[in-house]
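For reference, entry-v2.cif is printed below; it contains mmCIF, C-alpha atoms and all ligand atoms.
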```cif
data_query
loop_
_atom_site.label_atom_id
_atom_site.label_comp_id
_atom_site.auth_asym_id
_atom_site.auth_seq_id
_atom_site.Cartn_x
_atom_site.Cartn_y
_atom_site.Cartn_z
CA MET A 15 120.16 97.77 106.28
CA LYS A 16 120.99 94.06 106.26
CA ILE A 17 118.42 91.67 104.83
CA PHE A 18 118.17 88.03 105.88
CA SER A 19 115.90 85.35 104.53
CA GLY A 20 114.41 82.25 106.04
CA THR A 21 113.96 79.25 103.78
CA SER A 22 110.24 79.61 102.97
CA ASN A 23 110.40 82.15 100.13
CA LYS A 24 114.00 82.90 99.24
CA PRO A 25 113.24 83.86 95.61
CA LEU A 26 111.03 86.73 96.84
CA ALA A 27 113.62 87.79 99.45
CA GLU A 28 116.31 87.82 96.75
CA LYS A 29 114.15 89.97 94.47
CA VAL A 30 113.47 92.44 97.30
CA ALA A 31 117.19 92.67 98.11
CA LEU A 32 117.99 93.23 94.42
CA LYS A 33 115.37 95.96 94.19
CA LEU A 34 117.10 97.66 97.13
CA ASN A 35 120.48 97.33 95.36
CA THR A 36 121.83 94.86 97.85
CA LYS A 37 122.20 91.12 98.42
CA LEU A 38 120.84 88.85 101.12
CA SER A 39 123.18 88.62 104.11
CA PRO A 40 124.39 85.07 104.71
CA LEU A 41 122.87 82.91 107.41
CA ASP A 42 123.97 79.50 108.54
CA ILE A 43 120.85 77.38 109.10
CA PHE A 44 122.05 73.93 110.06
CA VAL A 45 119.55 71.10 110.47
CA PHE A 46 120.52 68.36 112.92
CA PRO A 47 119.67 64.72 112.13
CA ASP A 48 116.67 64.95 114.47
CA GLY A 49 115.28 67.93 112.56
CA GLU A 50 116.22 70.61 115.10
CA LYS A 51 117.82 73.73 113.66
CA ARG A 52 120.83 75.85 114.59
CA VAL A 53 120.81 79.38 113.22
CA ARG A 54 123.94 81.54 113.10
CA VAL A 55 124.37 85.08 111.82
CA ILE A 56 127.67 85.37 109.97
CA ASP A 57 127.97 89.12 109.21
CA ASN A 58 128.59 91.80 111.79
CA VAL A 59 125.19 93.31 112.62
CA VAL A 60 126.14 95.47 115.61
CA ASP A 61 123.95 98.62 115.53
CA GLU A 62 122.56 97.60 112.14
CA GLU A 63 118.95 97.83 111.05
CA THR A 64 118.11 94.26 110.11
CA VAL A 65 115.28 92.68 108.14
CA ILE A 66 114.08 89.08 108.08
CA ILE A 67 111.96 88.06 105.09
CA GLN A 68 109.98 84.90 105.66
CA SER A 69 106.47 83.83 104.75
CA THR A 70 104.92 81.62 107.37
CA SER A 71 102.99 79.43 104.97
CA ASN A 72 102.93 75.64 105.20
CA PRO A 73 104.78 74.32 107.22
CA ALA A 74 103.81 77.31 109.35
CA ASP A 75 105.32 76.02 112.61
CA HIS A 76 108.69 75.30 110.98
CA ASN A 77 108.74 78.68 109.23
CA TYR A 78 107.84 80.56 112.41
CA MET A 79 110.59 78.77 114.34
CA GLU A 80 113.09 79.99 111.74
CA ILE A 81 111.96 83.60 112.29
CA PHE A 82 112.18 83.17 116.05
CA PHE A 83 115.72 81.76 115.86
CA ILE A 84 116.95 84.30 113.28
CA ALA A 85 115.52 87.16 115.37
CA ASP A 86 117.13 85.79 118.52
CA ALA A 87 120.47 85.41 116.75
CA LEU A 88 120.25 88.98 115.43
CA LYS A 89 119.31 90.35 118.85
CA ARG A 90 122.18 88.53 120.56
CA SER A 91 124.55 89.77 117.83
CA GLY A 92 123.72 93.40 118.62
CA ALA A 93 121.29 94.38 115.84
CA LYS A 94 119.76 97.82 116.39
CA SER A 95 116.34 96.82 115.04
CA ILE A 96 114.70 93.73 113.60
CA THR A 97 111.92 94.12 111.05
CA ALA A 98 110.13 90.90 110.18
CA VAL A 99 108.65 90.98 106.69
CA ILE A 100 106.04 88.22 106.78
CA PRO A 101 104.26 88.46 103.41
CA TYR A 102 101.90 85.66 104.39
CA LEU A 103 101.15 85.70 108.11
CA GLY A 104 100.47 82.12 109.14
CA TYR A 105 97.74 81.41 111.71
CA GLN A 106 96.00 84.67 110.81
CA ARG A 107 92.64 82.96 110.51
CA GLN A 108 92.85 81.90 114.15
CA ASP A 109 92.66 85.44 115.48
CA HIS A 110 89.82 84.90 117.97
CA VAL A 111 87.91 82.16 119.74
CA PHE A 112 85.37 80.68 117.32
CA ARG A 113 84.18 77.98 119.72
CA ASP A 114 84.63 77.65 123.48
CA GLY A 115 87.87 75.98 124.47
CA GLU A 116 89.94 77.05 121.46
CA ALA A 117 93.41 78.59 121.57
CA VAL A 118 93.90 81.98 119.91
CA SER A 119 96.92 80.82 117.93
CA LEU A 120 97.65 84.18 116.32
CA GLU A 121 98.01 85.83 119.73
CA VAL A 122 100.56 83.21 120.75
CA ILE A 123 102.52 83.90 117.56
CA ILE A 124 102.41 87.67 118.11
CA GLU A 125 103.56 87.37 121.73
CA THR A 126 106.46 85.19 120.63
CA LEU A 127 107.53 87.49 117.77
CA GLN A 128 107.64 90.35 120.25
CA ALA A 129 109.44 88.29 122.89
CA VAL A 130 112.27 87.25 120.56
CA GLY A 131 113.02 90.90 119.75
CA VAL A 132 111.18 91.63 116.51
CA SER A 133 110.67 95.40 116.59
CA LYS A 134 108.45 95.90 113.54
CA ILE A 135 106.29 93.78 111.24
CA ILE A 136 105.51 94.26 107.58
CA THR A 137 102.78 92.01 106.28
CA LEU A 138 100.52 91.79 103.23
CA ASP A 139 96.73 91.62 103.00
CA VAL A 140 95.77 90.15 106.34
CA HIS A 141 92.52 88.29 106.67
CA SER A 142 90.89 90.69 109.11
CA ILE A 143 91.38 94.40 109.64
CA LYS A 144 91.43 93.75 113.41
CA ILE A 145 94.71 91.78 113.18
CA PRO A 146 97.12 94.78 113.16
CA CYS A 147 95.49 95.97 116.43
CA LEU A 148 96.68 92.77 118.16
CA PHE A 149 100.35 93.80 117.85
CA LYS A 150 102.06 96.00 120.44
CA ILE A 151 104.97 96.68 118.06
CA PRO A 152 104.52 98.80 114.89
CA ILE A 153 102.99 96.92 111.99
CA ILE A 154 102.87 98.07 108.40
CA HIS A 155 100.02 96.51 106.47
CA ILE A 156 100.68 96.50 102.72
CA SER A 157 98.29 95.35 100.03
CA ALA A 158 98.27 93.79 96.59
CA LEU A 159 94.98 95.52 95.72
CA ASP A 160 96.73 98.23 93.66
CA LEU A 161 98.45 95.52 91.60
CA PHE A 162 95.08 93.81 91.11
CA ALA A 163 93.48 97.09 90.03
CA LYS A 164 96.22 97.57 87.45
CA LYS A 165 95.62 94.07 86.01
CA ILE A 166 91.85 94.59 85.97
CA LYS A 167 92.29 97.85 84.03
CA GLU A 168 94.32 95.92 81.44
CA LEU A 169 91.52 93.38 80.77
CA PRO A 170 89.49 93.84 77.55
CA LYS A 171 86.65 96.31 78.17
CA LYS A 172 83.46 94.61 79.38
CA GLU A 173 80.76 95.35 81.93
CA SER A 174 82.21 93.96 85.15
CA VAL A 175 81.30 93.46 88.77
CA LEU A 176 83.66 92.82 91.68
CA VAL A 177 82.61 89.90 93.84
CA SER A 178 83.55 89.08 97.40
CA PRO A 179 83.16 85.32 97.86
CA ASP A 180 82.10 85.90 101.46
CA MET A 181 80.71 88.70 103.60
CA GLY A 182 84.06 89.11 105.40
CA GLY A 183 85.71 90.41 102.23
CA ILE A 184 83.46 93.44 101.80
CA ARG A 185 86.06 95.99 103.02
CA ARG A 186 88.60 94.70 100.48
CA ILE A 187 86.05 94.87 97.66
CA LYS A 188 85.03 98.44 98.57
CA ILE A 189 88.67 99.62 98.47
CA LEU A 190 89.19 97.99 95.07
CA SER A 191 85.92 99.39 93.74
CA LYS A 192 87.04 102.92 94.67
CA ASN A 193 90.33 102.27 92.94
CA LEU A 194 88.42 101.26 89.79
CA ASP A 195 86.17 104.32 89.43
CA ASN A 196 83.49 102.84 91.68
CA MET A 197 83.14 99.55 89.80
CA PRO A 198 79.93 97.87 91.10
CA PHE A 199 80.39 95.05 93.59
CA SER A 200 78.41 92.21 95.04
CA THR A 201 78.87 89.73 97.86
CA ILE A 202 78.21 86.05 98.23
CA GLU A 203 76.72 84.65 101.41
CA LYS A 204 79.10 81.79 102.11
CA GLU A 205 78.78 79.32 104.93
CA ARG A 206 81.60 77.18 106.27
CA ASP A 207 81.09 74.08 108.38
CA LEU A 208 83.45 74.60 111.34
CA GLU A 209 83.84 70.83 111.81
CA THR A 210 84.58 69.77 108.23
CA GLY A 211 85.70 73.10 106.70
CA SER A 212 83.46 72.52 103.67
CA VAL A 213 81.84 75.60 102.14
CA SER A 214 78.46 76.24 100.57
CA ALA A 215 76.74 79.30 99.11
CA LYS A 216 73.32 79.97 97.62
CA THR A 217 72.87 83.74 97.65
CA ILE A 218 74.54 86.59 95.78
CA ASN A 219 73.71 90.14 96.82
CA GLY A 220 73.81 92.07 93.55
CA GLU A 221 73.28 91.47 89.83
CA VAL A 222 75.88 89.47 87.89
CA ARG A 223 73.85 88.29 84.87
CA GLY A 224 75.61 88.92 81.57
CA LYS A 225 78.60 90.50 83.30
CA ARG A 226 82.23 89.67 83.89
CA ALA A 227 82.52 88.66 87.56
CA ILE A 228 85.85 89.45 89.22
CA ILE A 229 86.23 87.49 92.44
CA VAL A 230 88.65 88.99 94.95
CA ASP A 231 89.79 87.16 98.07
CA ASP A 232 92.65 87.35 100.54
CA MET A 233 93.76 83.75 100.04
CA ILE A 234 93.06 80.49 98.29
CA SER A 235 93.64 77.53 100.56
CA THR A 236 91.78 74.38 99.50
CA GLY A 237 90.14 76.22 96.59
CA GLY A 238 86.68 75.34 97.97
CA THR A 239 85.59 78.97 98.33
CA ILE A 240 86.59 79.90 94.77
CA LEU A 241 85.02 76.77 93.26
CA THR A 242 81.75 77.37 95.14
CA ALA A 243 81.69 81.08 94.25
CA THR A 244 82.45 80.44 90.58
CA ASN A 245 79.75 77.78 90.23
CA LEU A 246 77.18 80.04 91.87
CA LEU A 247 78.14 83.02 89.67
CA LEU A 248 77.82 80.96 86.49
CA GLN A 249 74.51 79.56 87.72
CA LYS A 250 73.30 83.14 88.26
CA GLY A 251 74.24 84.07 84.70
CA ALA A 252 77.71 85.63 84.97
CA ASP A 253 79.34 85.68 81.56
CA GLU A 254 82.95 85.10 82.50
CA ILE A 255 85.00 84.88 85.68
CA TYR A 256 88.37 86.21 86.78
CA VAL A 257 89.84 85.46 90.19
CA PHE A 258 92.30 87.53 92.22
CA ALA A 259 93.68 86.32 95.54
CA SER A 260 96.67 87.68 97.45
CA HIS A 261 97.97 84.46 98.97
CA PRO A 262 98.28 81.13 97.11
CA VAL A 263 98.15 78.92 100.20
CA PHE A 264 97.17 76.01 97.90
CA SER A 265 96.77 73.31 100.52
CA GLY A 266 95.89 69.66 99.95
CA ASN A 267 94.56 69.03 96.44
CA ALA A 268 93.95 72.74 95.72
CA LYS A 269 95.52 72.44 92.29
CA GLU A 270 93.01 69.77 91.21
CA VAL A 271 90.15 71.83 92.66
CA LEU A 272 91.33 75.02 90.94
CA GLU A 273 91.73 73.24 87.63
CA LYS A 274 87.97 72.57 87.81
CA VAL A 275 87.20 76.27 88.33
CA LYS A 276 85.73 77.74 85.14
CA ALA A 277 87.69 80.99 85.32
CA GLU A 278 89.49 82.74 82.49
CA LYS A 279 92.41 83.37 84.79
CA ILE A 280 93.37 83.03 88.45
CA PHE A 281 95.80 85.69 89.63
CA VAL A 282 97.75 85.29 92.88
CA THR A 283 100.92 86.93 94.23
CA ASP A 284 104.31 85.50 95.11
CA SER A 285 103.72 86.16 98.84
CA ILE A 286 104.04 82.38 99.12
CA TYR A 287 106.59 80.44 97.08
CA LEU A 288 104.91 78.00 94.69
CA GLU A 289 106.77 74.91 93.55
CA LYS A 290 106.50 74.16 89.82
CA GLU A 291 104.10 71.23 90.50
CA LYS A 292 101.55 73.66 91.97
CA TYR A 293 101.24 75.70 88.78
CA PHE A 294 98.33 75.14 86.40
CA LYS A 295 97.29 76.47 83.01
CA ASN A 296 95.36 79.63 83.84
CA LEU A 297 97.36 80.66 86.89
CA GLU A 298 99.28 83.94 86.79
CA VAL A 299 101.60 85.07 89.58
CA ILE A 300 102.05 88.79 90.21
CA SER A 301 105.10 89.84 92.21
CA VAL A 302 104.85 91.90 95.39
CA THR A 303 108.59 92.67 95.31
CA ASP A 304 108.16 96.39 94.65
CA ILE A 305 105.54 96.85 97.37
CA ILE A 306 107.74 95.16 99.97
CA ALA A 307 110.88 97.01 98.88
CA GLY A 308 108.93 100.28 98.92
CA SER A 309 107.66 99.67 102.43
CA LEU A 310 111.20 98.92 103.66
CA VAL A 311 112.48 102.18 102.19
CA LYS A 312 109.65 104.21 103.72
CA SER A 313 109.75 102.62 107.17
C1 LIG B 1 87.95 83.05 104.35
O1 LIG B 1 87.27 83.78 105.05
C2 LIG B 1 89.04 83.54 103.46
O2 LIG B 1 88.85 84.86 103.07
C3 LIG B 1 89.18 82.65 102.24
O3 LIG B 1 88.01 82.76 101.48
C4 LIG B 1 89.36 81.23 102.63
O4 LIG B 1 90.33 81.11 103.63
C5 LIG B 1 89.75 80.39 101.45
O5 LIG B 1 89.85 79.06 101.87
P1 LIG B 1 89.52 77.84 100.91
O6 LIG B 1 90.28 78.05 99.64
O7 LIG B 1 89.98 76.64 101.68
O8 LIG B 1 88.05 77.83 100.71
#
```
Could you show the structure in this file as C-alpha cells?
Ligand code: R5P
Amino acid sequence: MKIFSGTSNKPLAEKVALKLNTKLSPLDIFVFPDGEKRVRVIDNVVDEETVIIQSTSNPADHNYMEIFFIADALKRSGAKSITAVIPYLGYQRQDHVFRDGEAVSLEVIIETLQAVGVSKIITLDVHSIKIPCLFKIPIIHISALDLFAKKIKELPKKESVLVSPDMGGIRRIKILSKNLDNMPFSTIEKERDLETGSVSAKTINGEVRGKRAIIVDDMISTGGTILTATNLLLQKGADEIYVFASHPVFSGNAKEVLEKVKAEKIFVTDSIYLEKEKYFKNLEVISVTDIIAGSLVKS
C-alpha cells in the first residue's frame, strides 16, 4: 500500500503512515504563478493499492482539486486501486436541495471523485446518515464517538446528560448513550436562518438542571450552535458543560466565539489541521490516527 497526502492535513497523514509502519510516498505538487497546480506521482505505483489522505476543509475547492489531480495522476500511472481518505468531507452539508434553485454540491463532488478514478472512500462522522447512500463506490464511515466515550468515562464522576444541540444529531447521541451505559440524553430545538445562517434556540427536550451537560455535535463551524446551546443549557440550570465535536471547521471568528463559550473543555479531533493561532485555552484535540489506520488495514 502506498500512501499519498494532499496539503490540507499532512501531519495527520504522516501519523497514519507511521502507525502503518510506512512513510508517505512523495508527490510533486507544483503551483504555477497563476495558482494552477501540476501534480506528479514520483514512485512506481503500477498495480499498487494507493491511498490519498486529504481533508477537504477550507479552502474546500482547492483541497478537492488536489484530490482530483492526485487521483488522476495515480490512475494514469497504473495504480490498482485508489482509496481517498477524506476525514472531513467538504460540502457535506449541501447534500440536498434546501430551497428551489439550489445546486446539490455534494452530489457534484461525489460524481467527480468517482469520475477521476477513486475506488473507495473512507470518511469520518458525516453530517447525515443519508450521505454514504449517495456514493456508488464503497464508502467506509468511521466515527470518533468511541474516542469521545473514552474521554467522557475519564471525567470526574457526576450526574451527566448528553445533549444534541439540534434535532438532526439525535442518532449520534443515541449511539453515544448506548456506549455509555445508556447515559440519559436530551435535544435542543435549534433554528437556523437560511439567509443569514444565524442560529437560535429556546427549547430543550429533557432535564438538565443540576447536571453536567455534554454537548456532542458533528462539527463546529462558526461556533454559533455551541454558543447558543451552552447559553440555553446554563439558563436552564445545567451545572457545567463539556463539548465534543468531530470536526473543528472553525470558520470566520470561531475562535473568538468559542472563547466566550462557558464550557469546561471543548474537545475536537484532528480531522482538520488547526494552525496554532486557532487554538484557545480550553480546547483539546483528540487524534483519529488509529481509527483511520485501522480502517485502512481492515479494508
Ligand atoms: C448542523 O446541523 C451541524 O450539525 C452543526 O451543528 C453546525 O454545522 C455547526 O455550525 P456552526 O458552528 O456554524 O453553528
Exercise for the section: Give the residue list for ligand LIG 1 (chain B) at 8 Å, counting only C-alpha atoms and all ligand atoms, as a list in words, sorted by chain and then by residue number. Expected result: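 Listed by chain and ascending number, the contacts are Arg107, His141, Pro179, Asp180, Gly182, Gly183, Gly211, Ser212, Val213, Asp231, Asp232, Met233, Ile234, Ser235, Thr236, Gly237, Gly238, Thr239, Ile240, Val263, Phe264, Ser265 and Ala268 of chain A.
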Nearby residues (all atoms listed in the file) at most 12 Å from region 82-92 of chain A, same-chain spacing under 2 positions excluded, as a ChimeraX atom specification: /A:16-21,39-44,50-68,70,75-80,94-99,123-134
Please, what is the axis-aligned box for every listed atom of region 28-47 of chain A with 5 Å on each side, as centre and edge lengths in Å to one decimal, as lines of an AutoDock Vina configuration file?
```
center_x = 118.9
center_y = 81.2
center_z = 103.6
size_x = 20.9
size_y = 42.9
size_z = 28.7
```
CA of Ser69 (chain A) to CA of His261 (chain A) measures 10.3 Å
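Between CA of Lys295 (chain A) and CA of Pro25 (chain A) the interatomic distance comes to 21.6 Å.
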Q. Could you pull the residues within 12 Å of Lys312 (chain A), counting only C-alpha atoms, minus those fewer than 5 positions along the same chain, as number ranges by chain?
A. A: 34, 136, 154, 156, 305-307
Using all atoms listed in the file, the best pick from A:Leu103, A:Ile300, A:Ala27, A:Leu208 as closest to Pro73 (chain A) would be A:Leu103
Contacts of Ile202 (chain A) at 12 Å (only C-alpha atoms; same-chain gap of 2+ positions) as an mmCIF file with C-alpha atoms, keeping the file's coordinate frame:
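As written to disk, part-v8.cif reads:
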```cif
data_model
loop_
_atom_site.group_PDB
_atom_site.id
_atom_site.type_symbol
_atom_site.label_atom_id
_atom_site.label_comp_id
_atom_site.auth_asym_id
_atom_site.auth_seq_id
_atom_site.Cartn_x
_atom_site.Cartn_y
_atom_site.Cartn_z
ATOM 1 C CA LEU A 176 83.660 92.820 91.680
ATOM 2 C CA VAL A 177 82.610 89.900 93.840
ATOM 3 C CA SER A 178 83.550 89.080 97.400
ATOM 4 C CA PRO A 179 83.160 85.320 97.860
ATOM 5 C CA ASP A 180 82.100 85.900 101.460
ATOM 6 C CA MET A 181 80.710 88.700 103.600
ATOM 7 C CA GLY A 182 84.060 89.110 105.400
ATOM 8 C CA GLY A 183 85.710 90.410 102.230
ATOM 9 C CA ILE A 184 83.460 93.440 101.800
ATOM 10 C CA ILE A 187 86.050 94.870 97.660
ATOM 11 C CA PHE A 199 80.390 95.050 93.590
ATOM 12 C CA SER A 200 78.410 92.210 95.040
ATOM 13 C CA LYS A 204 79.100 81.790 102.110
ATOM 14 C CA GLU A 205 78.780 79.320 104.930
ATOM 15 C CA VAL A 213 81.840 75.600 102.140
ATOM 16 C CA SER A 214 78.460 76.240 100.570
ATOM 17 C CA ALA A 215 76.740 79.300 99.110
ATOM 18 C CA LYS A 216 73.320 79.970 97.620
ATOM 19 C CA THR A 217 72.870 83.740 97.650
ATOM 20 C CA ILE A 218 74.540 86.590 95.780
ATOM 21 C CA ASN A 219 73.710 90.140 96.820
ATOM 22 C CA GLY A 220 73.810 92.070 93.550
ATOM 23 C CA GLU A 221 73.280 91.470 89.830
ATOM 24 C CA VAL A 222 75.880 89.470 87.890
ATOM 25 C CA ALA A 227 82.520 88.660 87.560
ATOM 26 C CA ILE A 229 86.230 87.490 92.440
ATOM 27 C CA VAL A 230 88.650 88.990 94.950
ATOM 28 C CA ASP A 231 89.790 87.160 98.070
ATOM 29 C CA THR A 239 85.590 78.970 98.330
ATOM 30 C CA ILE A 240 86.590 79.900 94.770
ATOM 31 C CA THR A 242 81.750 77.370 95.140
ATOM 32 C CA ALA A 243 81.690 81.080 94.250
ATOM 33 C CA THR A 244 82.450 80.440 90.580
ATOM 34 C CA ASN A 245 79.750 77.780 90.230
ATOM 35 C CA LEU A 246 77.180 80.040 91.870
ATOM 36 C CA LEU A 247 78.140 83.020 89.670
ATOM 37 C CA LYS A 250 73.300 83.140 88.260
#
```
Point-to-point distance in Å for CA of Leu138 (chain A) and CA of Glu291 (chain A):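 Taking CA of Glu291 (chain A) and CA of Leu138 (chain A), their separation equals 24.4 Å.
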Margin query: Using all atoms listed in the file for the distances, tell me which of A:Asp109, A:Glu209, A:Glu203, A:Asp253 is nearest to Glu173 (chain A).
Written below: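 Checking each candidate against Glu173 (chain A), we get A:Asp253 as the closest.
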Q.
Which residues are close to Gln108 (chain A), i.e. within 8 Å by all atoms listed in the file, leaving aside same-chain residues fewer than 5 positions away? Reply as a ChimeraX atom specification.
A. /A:118-120
Dump as a JSON list (two decimals), in the frame of the given file, selection limited to C-alpha atoms:
```json
[["chain", "number", "residue", "atom", "x", "y", "z"],
["A", 118, "VAL", "CA", 93.90, 81.98, 119.91],
["A", 119, "SER", "CA", 96.92, 80.82, 117.93],
["A", 120, "LEU", "CA", 97.65, 84.18, 116.32]]
```
Closest of A:Leu32, A:Glu270, A:Thr210, A:Val302 to Asp139 (chain A), counting all atoms listed in the file, is A:Val302
Problem - Using only C-alpha atoms: which of A:Lys225, A:Leu159, A:Val140, A:Ile81 has the shortest distance to Lys172 (chain A) - result: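 Checking each candidate against Lys172 (chain A), we get A:Lys225 as the closest.
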Judged by all atoms listed in the file, the minimum distance to Lys165 (chain A) among A:Leu288, A:Leu190, A:Gly115, A:Pro262 is found for A:Leu190
The residue from A:Thr137, A:Ser142, A:Gln249, A:Asn35 with the smallest atom-to-atom distance to His155 (chain A), counting all atoms listed in the file, is A:Thr137
